[in-house]
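Okay, so here's the structure we're looking at.
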Amino acid sequence: MSSVIVGKKFKVDIVYNGVTKPLSVEPHEQVTAVVQQAAHLFGVTQNVHLLALFRTDGTEIAVNQSVAETGIRPDELLALRPSAVRGG
């Protein structure tokens with residue numbers, strides 16, 4: 001079992017349409033909640049349920065896990081864009 005740090009907020013950087021903004025996340029938070037926060041940060045209101053976070057290598061981060069379970073790290077750069085899985 002992986003070690004999980006509980007209650008320690010940390011910052012990640014979210015890129016959306018070429019703009020980068022910081023976002024505070026917590027290890028226990030579900031990635032779906034982080035996607036919603038990121039969408040709100042950029043003023044995205046339409047089709048938020050179709051968005052996902054992607055690592056710099058292009059891999060999509062599973063939304064049905066916690067931040068800790070996906071291995072998201074402090075100061076990691078993540079892209080917010082339409083999901084390859086849930087899109088049409």
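Chain labels A, B, ... are given in the sequence in which chains occur in the structure tokens; within each chain residues are numbered consecutively from 1, and ligands are likewise numbered from 1 in the order shown.
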(message) What's around region 22-30 of chain A at 10 Å? Count only C-alpha atoms, leave out sequence neighbours fewer than 5 positions away in its own chain, and write the answer as a ChimeraX atom specification.
(response) /A:4-15,35,37-38,41,62-77
Please give the complete set of residues from chain A that DSSP, run on the backbone, assigns to helix (DSSP H, G or I), formatted as a PDB file with N, CA and C atoms, in the first residue's frame.
ATOM      1  N   VAL A  31      -9.974  13.341  -7.933  1.00  0.00           N
ATOM      2  CA  VAL A  31      -9.528  14.075  -9.117  1.00  0.00           C
ATOM      3  C   VAL A  31     -10.719  14.777  -9.789  1.00  0.00           C
ATOM      4  N   THR A  32     -11.910  14.186  -9.710  1.00  0.00           N
ATOM      5  CA  THR A  32     -13.095  14.856 -10.281  1.00  0.00           C
ATOM      6  C   THR A  32     -13.298  16.226  -9.648  1.00  0.00           C
ATOM      7  N   ALA A  33     -13.077  16.331  -8.334  1.00  0.00           N
ATOM      8  CA  ALA A  33     -13.217  17.611  -7.642  1.00  0.00           C
ATOM      9  C   ALA A  33     -12.144  18.598  -8.096  1.00  0.00           C
ATOM     10  N   VAL A  34     -10.946  18.101  -8.333  1.00  0.00           N
ATOM     11  CA  VAL A  34      -9.853  18.958  -8.802  1.00  0.00           C
ATOM     12  C   VAL A  34     -10.162  19.483 -10.205  1.00  0.00           C
ATOM     13  N   VAL A  35     -10.707  18.622 -11.061  1.00  0.00           N
ATOM     14  CA  VAL A  35     -11.095  19.046 -12.413  1.00  0.00           C
ATOM     15  C   VAL A  35     -12.143  20.156 -12.322  1.00  0.00           C
ATOM     16  N   GLN A  36     -13.127  19.994 -11.443  1.00  0.00           N
ATOM     17  CA  GLN A  36     -14.165  21.017 -11.277  1.00  0.00           C
ATOM     18  C   GLN A  36     -13.577  22.327 -10.768  1.00  0.00           C
ATOM     19  N   GLN A  37     -12.658  22.245  -9.817  1.00  0.00           N
ATOM     20  CA  GLN A  37     -11.998  23.457  -9.312  1.00  0.00           C
ATOM     21  C   GLN A  37     -11.183  24.142 -10.403  1.00  0.00           C
ATOM     22  N   ALA A  38     -10.482  23.346 -11.190  1.00  0.00           N
ATOM     23  CA  ALA A  38      -9.669  23.896 -12.276  1.00  0.00           C
ATOM     24  C   ALA A  38     -10.555  24.574 -13.320  1.00  0.00           C
ATOM     25  N   ALA A  39     -11.675  23.950 -13.655  1.00  0.00           N
ATOM     26  CA  ALA A  39     -12.611  24.544 -14.610  1.00  0.00           C
ATOM     27  C   ALA A  39     -13.132  25.871 -14.073  1.00  0.00           C
ATOM     28  N   HIS A  40     -13.465  25.900 -12.791  1.00  0.00           N
ATOM     29  CA  HIS A  40     -13.957  27.134 -12.156  1.00  0.00           C
ATOM     30  C   HIS A  40     -12.876  28.216 -12.191  1.00  0.00           C
ATOM     31  N   LEU A  41     -11.633  27.812 -11.950  1.00  0.00           N
ATOM     32  CA  LEU A  41     -10.493  28.740 -11.950  1.00  0.00           C
ATOM     33  C   LEU A  41     -10.372  29.471 -13.290  1.00  0.00           C
ATOM     34  N   VAL A  48     -18.172  20.711 -18.297  1.00  0.00           N
ATOM     35  CA  VAL A  48     -17.107  20.462 -17.333  1.00  0.00           C
ATOM     36  C   VAL A  48     -16.941  18.956 -17.106  1.00  0.00           C
ATOM     37  N   HIS A  49     -18.043  18.216 -17.178  1.00  0.00           N
ATOM     38  CA  HIS A  49     -17.988  16.764 -16.960  1.00  0.00           C
ATOM     39  C   HIS A  49     -17.172  16.030 -18.030  1.00  0.00           C
ATOM     40  N   LEU A  50     -16.876  16.702 -19.129  1.00  0.00           N
ATOM     41  CA  LEU A  50     -16.083  16.091 -20.198  1.00  0.00           C
ATOM     42  C   LEU A  50     -14.587  16.401 -20.075  1.00  0.00           C
ATOM     43  N   VAL A  67      -6.139  12.357  -5.415  1.00  0.00           N
ATOM     44  CA  VAL A  67      -4.898  12.997  -5.858  1.00  0.00           C
ATOM     45  C   VAL A  67      -3.700  12.125  -5.466  1.00  0.00           C
ATOM     46  N   ALA A  68      -3.692  11.620  -4.237  1.00  0.00           N
ATOM     47  CA  ALA A  68      -2.583  10.786  -3.763  1.00  0.00           C
ATOM     48  C   ALA A  68      -2.482   9.492  -4.558  1.00  0.00           C
ATOM     49  N   GLU A  69      -3.618   8.868  -4.838  1.00  0.00           N
ATOM     50  CA  GLU A  69      -3.621   7.595  -5.574  1.00  0.00           C
ATOM     51  C   GLU A  69      -3.069   7.738  -6.992  1.00  0.00           C
ATOM     52  N   THR A  70      -3.267   8.898  -7.599  1.00  0.00           N
ATOM     53  CA  THR A  70      -2.781   9.104  -8.969  1.00  0.00           C
ATOM     54  C   THR A  70      -1.311   9.516  -9.001  1.00  0.00           C
TER      55      THR A  70
END
(request) Would you mind writing down, as a ChimeraX atom specification, each residue of chain A that DSSP on the backbone assigns to strand (DSSP E)? (result) /A:10-16,19-25,51-54,77-82
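Note that the spacing between CA of Thr20 (chain A) and CA of Thr56 (chain A) amounts to 13.0 Å.
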(message) So the first atom is CA of Lys21 (chain A) and the second is CA of Val85 (chain A); what is the distance between them in Å, to one decimal place?
(response) 24.6 Å
(message) Please list as a list in words every residue within 8 Å of Tyr16 (chain A), counting only C-alpha atoms and excluding residues in the same chain fewer than 4 positions away.
(response) Thr20, Phe42, Ala79, Leu80 and Arg81 of chain A
